[in-house]
Amino acid sequence: MTVRTRYAPSPTGSLHIGNVRSGLFAYLFARHNKGVFILRIDDTDRERSTQESLNEILESLRWLGVDWDEGPPDPKYFQSTRFDRYREGAFKLLREGKAYPCYCTAQRLDEMRKQAEREHRKPGYDGRCRERTPVADLGNVQLPDKTAGRNYTIRFRSPRAGQTVVDDLIKGRAVFDNSELDDLIIFRSDGVPTYNFATVLDDADFEITHVVRGDDHLPNTPRQMQIFYALGLTPPAYAHLPMVMGPDGQKLSKRHGATSVFAYRDLGYFPEALLNYLVRLGWSHGDQEIFSREEMFEYFDFANCGKSAGIFNAEKLLWLNFHYLKERPLVQLAQEVKPFIARKGLSIPGDDEWLQKMLATLRERAKTLVELVDFADFYLKDRIEIEPKAAAKFLKLEIKEPLSVLADRIESIGGDFSEQSVQAAFEQVLASFGLKLGQLAQPVRVAVTGGTVSPGIYEVIAVLGKSRTVERLRAAVAQIK
């Protein structure tokens with residue numbers, strides 16, 4: 001059997017990291033088994049589905065490196081193109097007496113729900129219309145269409161007796177009494193199929209062998225299995241992942257910070273870091289924390305998936321991103337940081353080789369690409385502003401002449417302008433004025449970076465270059481009164 005998994009997001013908003021994790025696990029399971037990964041777009045919600053959201057979903061997956069074997073742009077993988085198939089399935093159930101029209105109004109259904117709440121019992125449809133239409137007439141029932149005056153729904157006739165058993169690959173066996181499962185709607189009054197019905201036909205037609213999704217879908221599973229059986233089809237295997245929770249134990253949401261894939265991309269995270277973090281959020285392979293994509297493919301299985309909710313830890317994700325930033329080849333890092341420099345309205349005062357030298361001085365300090373650009377501010381600006389407190393503390397009258405002499409020494413450096421030649425200029429000034437390195441280095445740091453924290457002063461000056469360093473030193477000297 002060829003393993004076939006799917007990921008079926010709805011284009012009604014940004015791709016949420018809790019949701020994309022289930023797609024990632026489905027993807028890894030397919031790759032581990034050398035199977036097929038399918039991307040399906042559940043766009044039956046015509047009012048909320050947008051092209052913008054679809055574009056963001058596709059771009060988010062591409063950014064993460066989650067590639068699909070079947071799916072968009074092929075139109076057959078969009079639910080909105082499969083309405084004839086859903087109608088065909090509904091007619092089959094009607095002809096066989098396994099579905100029926102329901103004429104209950106929204107007001108009646110709402111009152112039923114409120115009554116159940118008052119009586120502290122599980123809400124559900126009472127089956128009022130279950131026998132209203134004779135079985136012999138069900139084959140002539142048309143599907144709902146408000147514009148044609150057919151203002152009713154189609155319900156699935158759920159079995160009343162027995163049990164439906166879900167042998168979940170993560171959660172284990174779950175047994176549902178059929179008497180607790182009411183007759184769910186499979187076609188709404190507007191003529192649109194519901195999720196539980198459309199997804200069954202999609203999974204059947206695309207020969208899905210394993211459905212991987214969040215455990216909030218577990219209550220839907222026995223209903224979907226019953227529809228599979230009613231259509232004469234075999235359900236796939238199911239793997240329900242525990243939900244992703246915020247640090248407060250509540251379902252992850254915007255109040256916990258960034259939650260969309262694009263948000264983390266724009267905050268300067270690497271796709272490998274987010275992918276690595278999400279795969280470890282509910283799955284383990286011994287004590288290993290860092291995984292290459294190839295290792296994920298090799299090791300992933302459901303046996304090592306946890307059964308309890310994963311707690312999203314922003315600090316852990318930041319630590320992972322820091323790891324990937326430090327390990328990044330400078331050639332690659334230089335290309336990745338350019339859009340973030342441009343977004344801040346800055347320009348690069350040198351070629352790619354210069355940019356790589358600059359990044360080499362900062363990569364041990366920054367944890368994201370955004371932070372990297374923030375730290376690089378003094379490198380990228382022609383003119384800097386010196387922090388007033390730093391100036392008051394370090395740019396004092398007694399350091400004015402040493403700074404001026406150092407500017408002259410640096411300006412006189414010929415040939416190779418390197419950390420070694422800069423260090424030699426410093427040592428000459430230190431000897432001339434009887435200073436210790438700290439007495440000169442910190443005022444120089446304030447003068448050339450604007451603040452008191454930076455990489456080593458020799459490497460900073462070697463990257464800044466002779467003319468920019470001299471200009472900043474003399475500007476600082478002029479500032480000292």
# chains A, B, ... in the order shown; residues from 1 in each chain; ligands from 1
>>> residues_around(residues="range 403-413 of chain A", least_positions_apart="4", cutoff="7 Å", atoms="only C-alpha atoms", output="MDAnalysis selection string")
chainID A and resid 399 417 422 425:426 429 466 470 473:474 477
>>> residues_around(residues="range 244-250 of chain A", least_positions_apart="5", cutoff="9 Å", atoms="only C-alpha atoms", output="list in words")
Ile17, Gly18, Asn19, Arg21, Gly214, Arg255, His256, Leu281, Gly282, Ala309, Gly310, Ile311, Phe312 and Asn313 of chain A
>>> write_last_selection(atoms="N, CA and C atoms", output="mmCIF file, in the first residue's frame")
data_model
loop_
_atom_site.group_PDB
_atom_site.id
_atom_site.type_symbol
_atom_site.label_atom_id
_atom_site.label_comp_id
_atom_site.auth_asym_id
_atom_site.auth_seq_id
_atom_site.Cartn_x
_atom_site.Cartn_y
_atom_site.Cartn_z
ATOM 1 N N ILE A 17 0.309 28.569 13.001
ATOM 2 C CA ILE A 17 1.360 27.583 13.250
ATOM 3 C C ILE A 17 0.821 26.329 13.928
ATOM 4 N N GLY A 18 -0.254 26.451 14.714
ATOM 5 C CA GLY A 18 -0.856 25.263 15.301
ATOM 6 C C GLY A 18 -1.483 24.380 14.241
ATOM 7 N N ASN A 19 -2.075 25.025 13.231
ATOM 8 C CA ASN A 19 -2.701 24.277 12.145
ATOM 9 C C ASN A 19 -1.662 23.677 11.205
ATOM 10 N N ARG A 21 1.203 22.663 11.866
ATOM 11 C CA ARG A 21 1.908 21.530 12.470
ATOM 12 C C ARG A 21 1.281 20.208 12.045
ATOM 13 N N GLY A 214 -5.521 17.813 14.111
ATOM 14 C CA GLY A 214 -5.581 18.117 15.531
ATOM 15 C C GLY A 214 -6.660 17.317 16.227
ATOM 16 N N ARG A 255 -3.330 36.459 21.417
ATOM 17 C CA ARG A 255 -2.956 37.082 22.699
ATOM 18 C C ARG A 255 -1.624 36.556 23.228
ATOM 19 N N HIS A 256 -1.183 35.421 22.673
ATOM 20 C CA HIS A 256 0.109 34.863 23.079
ATOM 21 C C HIS A 256 1.260 35.389 22.226
ATOM 22 N N LEU A 281 7.410 19.797 18.771
ATOM 23 C CA LEU A 281 6.274 20.163 19.609
ATOM 24 C C LEU A 281 5.242 19.028 19.551
ATOM 25 N N GLY A 282 5.553 17.943 20.242
ATOM 26 C CA GLY A 282 4.648 16.797 20.238
ATOM 27 C C GLY A 282 5.253 15.540 19.656
ATOM 28 N N ALA A 309 -1.101 17.854 25.366
ATOM 29 C CA ALA A 309 -0.989 19.094 24.589
ATOM 30 C C ALA A 309 0.438 19.628 24.596
ATOM 31 N N GLY A 310 0.859 20.191 23.463
ATOM 32 C CA GLY A 310 2.156 20.839 23.378
ATOM 33 C C GLY A 310 2.055 22.289 23.820
ATOM 34 N N ILE A 311 2.997 22.738 24.630
ATOM 35 C CA ILE A 311 3.005 24.126 25.113
ATOM 36 C C ILE A 311 3.989 24.927 24.270
ATOM 37 N N PHE A 312 3.476 25.957 23.627
ATOM 38 C CA PHE A 312 4.320 26.769 22.763
ATOM 39 C C PHE A 312 5.256 27.616 23.606
ATOM 40 N N ASN A 313 6.555 27.460 23.358
ATOM 41 C CA ASN A 313 7.587 28.157 24.126
ATOM 42 C C ASN A 313 8.368 29.059 23.177
#
>>> closest_residue(among="A:Asp183, A:Asp190, A:Asp126, A:Glu52", to="Lys146 in chain A", atoms="only C-alpha atoms")
A:Asp190
>>> residues_around(residues="Ala106 in chain A", least_positions_apart="3", cutoff="12 Å", atoms="only C-alpha atoms", output="PyMOL selection string")
chain A and resi 102-103+109-113+125+151-153+188-189
>>> write_last_selection(atoms="N, CA and C atoms", output="PDB file, in the first residue's frame")
ATOM      1  N   CYS A 102     -34.488  17.920   6.084  1.00  0.00           N
ATOM      2  CA  CYS A 102     -34.903  18.425   7.403  1.00  0.00           C
ATOM      3  C   CYS A 102     -35.454  19.834   7.221  1.00  0.00           C
ATOM      4  N   TYR A 103     -36.714  20.029   7.693  1.00  0.00           N
ATOM      5  CA  TYR A 103     -37.396  21.308   7.498  1.00  0.00           C
ATOM      6  C   TYR A 103     -37.413  22.152   8.765  1.00  0.00           C
ATOM      7  N   LEU A 109     -34.165  24.972  16.058  1.00  0.00           N
ATOM      8  CA  LEU A 109     -32.897  24.345  16.421  1.00  0.00           C
ATOM      9  C   LEU A 109     -32.215  25.101  17.551  1.00  0.00           C
ATOM     10  N   ASP A 110     -32.322  26.430  17.520  1.00  0.00           N
ATOM     11  CA  ASP A 110     -31.719  27.239  18.573  1.00  0.00           C
ATOM     12  C   ASP A 110     -32.430  26.998  19.900  1.00  0.00           C
ATOM     13  N   GLU A 111     -33.731  26.872  19.864  1.00  0.00           N
ATOM     14  CA  GLU A 111     -34.479  26.608  21.085  1.00  0.00           C
ATOM     15  C   GLU A 111     -34.147  25.225  21.642  1.00  0.00           C
ATOM     16  N   MET A 112     -33.946  24.233  20.751  1.00  0.00           N
ATOM     17  CA  MET A 112     -33.530  22.900  21.197  1.00  0.00           C
ATOM     18  C   MET A 112     -32.189  22.970  21.934  1.00  0.00           C
ATOM     19  N   ARG A 113     -31.269  23.746  21.366  1.00  0.00           N
ATOM     20  CA  ARG A 113     -29.951  23.876  21.979  1.00  0.00           C
ATOM     21  C   ARG A 113     -30.050  24.513  23.362  1.00  0.00           C
ATOM     22  N   TYR A 125     -29.633  17.116  17.612  1.00  0.00           N
ATOM     23  CA  TYR A 125     -30.896  17.115  16.874  1.00  0.00           C
ATOM     24  C   TYR A 125     -31.776  15.965  17.361  1.00  0.00           C
ATOM     25  N   ASN A 151     -35.938  25.515   0.832  1.00  0.00           N
ATOM     26  CA  ASN A 151     -35.288  26.040   2.028  1.00  0.00           C
ATOM     27  C   ASN A 151     -35.286  24.987   3.134  1.00  0.00           C
ATOM     28  N   TYR A 152     -34.469  23.985   2.975  1.00  0.00           N
ATOM     29  CA  TYR A 152     -34.321  22.934   3.968  1.00  0.00           C
ATOM     30  C   TYR A 152     -32.881  22.443   3.924  1.00  0.00           C
ATOM     31  N   THR A 153     -32.541  21.543   4.823  1.00  0.00           N
ATOM     32  CA  THR A 153     -31.201  20.957   4.826  1.00  0.00           C
ATOM     33  C   THR A 153     -31.322  19.460   4.536  1.00  0.00           C
ATOM     34  N   ARG A 188     -26.200  22.157   3.619  1.00  0.00           N
ATOM     35  CA  ARG A 188     -26.898  23.270   4.248  1.00  0.00           C
ATOM     36  C   ARG A 188     -28.018  23.784   3.346  1.00  0.00           C
ATOM     37  N   SER A 189     -28.820  24.669   3.891  1.00  0.00           N
ATOM     38  CA  SER A 189     -29.967  25.183   3.131  1.00  0.00           C
ATOM     39  C   SER A 189     -29.551  26.052   1.951  1.00  0.00           C
TER      40      SER A 189
END
>>> residues_around(residues="Phe262 in chain A", least_positions_apart="5", cutoff="12 Å", atoms="only C-alpha atoms", output="PDB file with C-alpha atoms, in the first residue's frame")
ATOM      1  CA  GLY A  13      -7.033  33.736   6.891  1.00  0.00           C
ATOM      2  CA  SER A  14      -3.342  33.402   7.663  1.00  0.00           C
ATOM      3  CA  LEU A  15      -1.733  29.993   8.084  1.00  0.00           C
ATOM      4  CA  HIS A  16      -1.674  29.388  11.843  1.00  0.00           C
ATOM      5  CA  ILE A  17       1.360  27.583  13.250  1.00  0.00           C
ATOM      6  CA  VAL A  20       0.385  23.960   9.952  1.00  0.00           C
ATOM      7  CA  SER A  53      -5.397  33.971   1.933  1.00  0.00           C
ATOM      8  CA  ASN A  55      -1.661  32.951  -1.867  1.00  0.00           C
ATOM      9  CA  GLU A  56      -0.400  33.321   1.700  1.00  0.00           C
ATOM     10  CA  ILE A  57      -1.011  29.632   2.453  1.00  0.00           C
ATOM     11  CA  LEU A  58       0.875  28.505  -0.647  1.00  0.00           C
ATOM     12  CA  GLU A  59       3.736  30.938  -0.039  1.00  0.00           C
ATOM     13  CA  SER A  60       3.953  29.950   3.650  1.00  0.00           C
ATOM     14  CA  LEU A  61       4.294  26.277   2.758  1.00  0.00           C
ATOM     15  CA  ARG A  62       6.884  27.034   0.083  1.00  0.00           C
ATOM     16  CA  TRP A  63       8.838  29.166   2.552  1.00  0.00           C
ATOM     17  CA  LEU A  64       8.812  26.295   5.050  1.00  0.00           C
ATOM     18  CA  LEU A 267      10.130  38.730  12.428  1.00  0.00           C
ATOM     19  CA  GLY A 268      13.304  37.322  10.921  1.00  0.00           C
ATOM     20  CA  TYR A 269      13.013  33.644  11.798  1.00  0.00           C
ATOM     21  CA  PHE A 270      14.400  30.950   9.525  1.00  0.00           C
ATOM     22  CA  PRO A 271      12.074  28.318   8.035  1.00  0.00           C
ATOM     23  CA  LEU A 274      10.247  27.048  12.771  1.00  0.00           C
TER      24      LEU A 274
END
>>> closest_residue(among="A:Asp182, A:Glu88, A:Asp137, A:Asp216", to="Pro123 in chain A", atoms="only C-alpha atoms")
A:Asp182
>>> residues_around(residues="Arg155 in chain A", least_positions_apart="4", cutoff="9 Å", atoms="only C-alpha atoms", output="list of chain:residue names")
A:Lys98, A:Ala99, A:Tyr100, A:Pro101, A:Cys102, A:Arg130, A:Asp183, A:Leu184, A:Ile185, A:Ile186, A:Phe187, A:Arg188
>>> closest_residue(among="A:Ala447, A:Met225, A:Val373, A:Leu278", to="Ala390 in chain A", atoms="only C-alpha atoms")
A:Ala447
>>> residues_around(residues="Ser308 in chain A", least_positions_apart="5", cutoff="9 Å", atoms="only C-alpha atoms", output="ChimeraX atom specification")
/A:241-243,282
>>> select_by_dssp(residues="range 223-430 of chain A", states="alpha helix (DSSP H)", output="ChimeraX atom specification")
/A:223-230,261-266,271-280,293-299,314-327,330-343,352-362,369-375,377-380,388-394,400-411,419-430
>>> atom_distance(atom1="CA of Lys344 in chain A", atom2="CA of Tyr324 in chain A")
22.6 Å
>>> closest_residue(among="A:Thr12, A:Thr469, A:Ser432, A:Gln356", to="Ile384 in chain A", atoms="only C-alpha atoms")
A:Thr469
>>> closest_residue(among="A:Pro235, A:Gly456, A:Gly97, A:Gly149", to="Glu364 in chain A", atoms="only C-alpha atoms")
A:Gly456
>>> select_by_dssp(residues="range 202-256 of chain A", states="strand (DSSP E)", output="ChimeraX atom specification")
/A:210-214,237-241,244-245
>>> closest_residue(among="A:Tyr238, A:Phe378, A:Phe197, A:Phe433", to="Arg468 in chain A", atoms="only C-alpha atoms")
A:Phe378
>>> atom_distance(atom1="CA of Asp202 in chain A", atom2="CA of Ala30 in chain A")
17.8 Å
>>> atom_distance(atom1="CA of Ala462 in chain A", atom2="CA of Ala441 in chain A")
14.1 Å
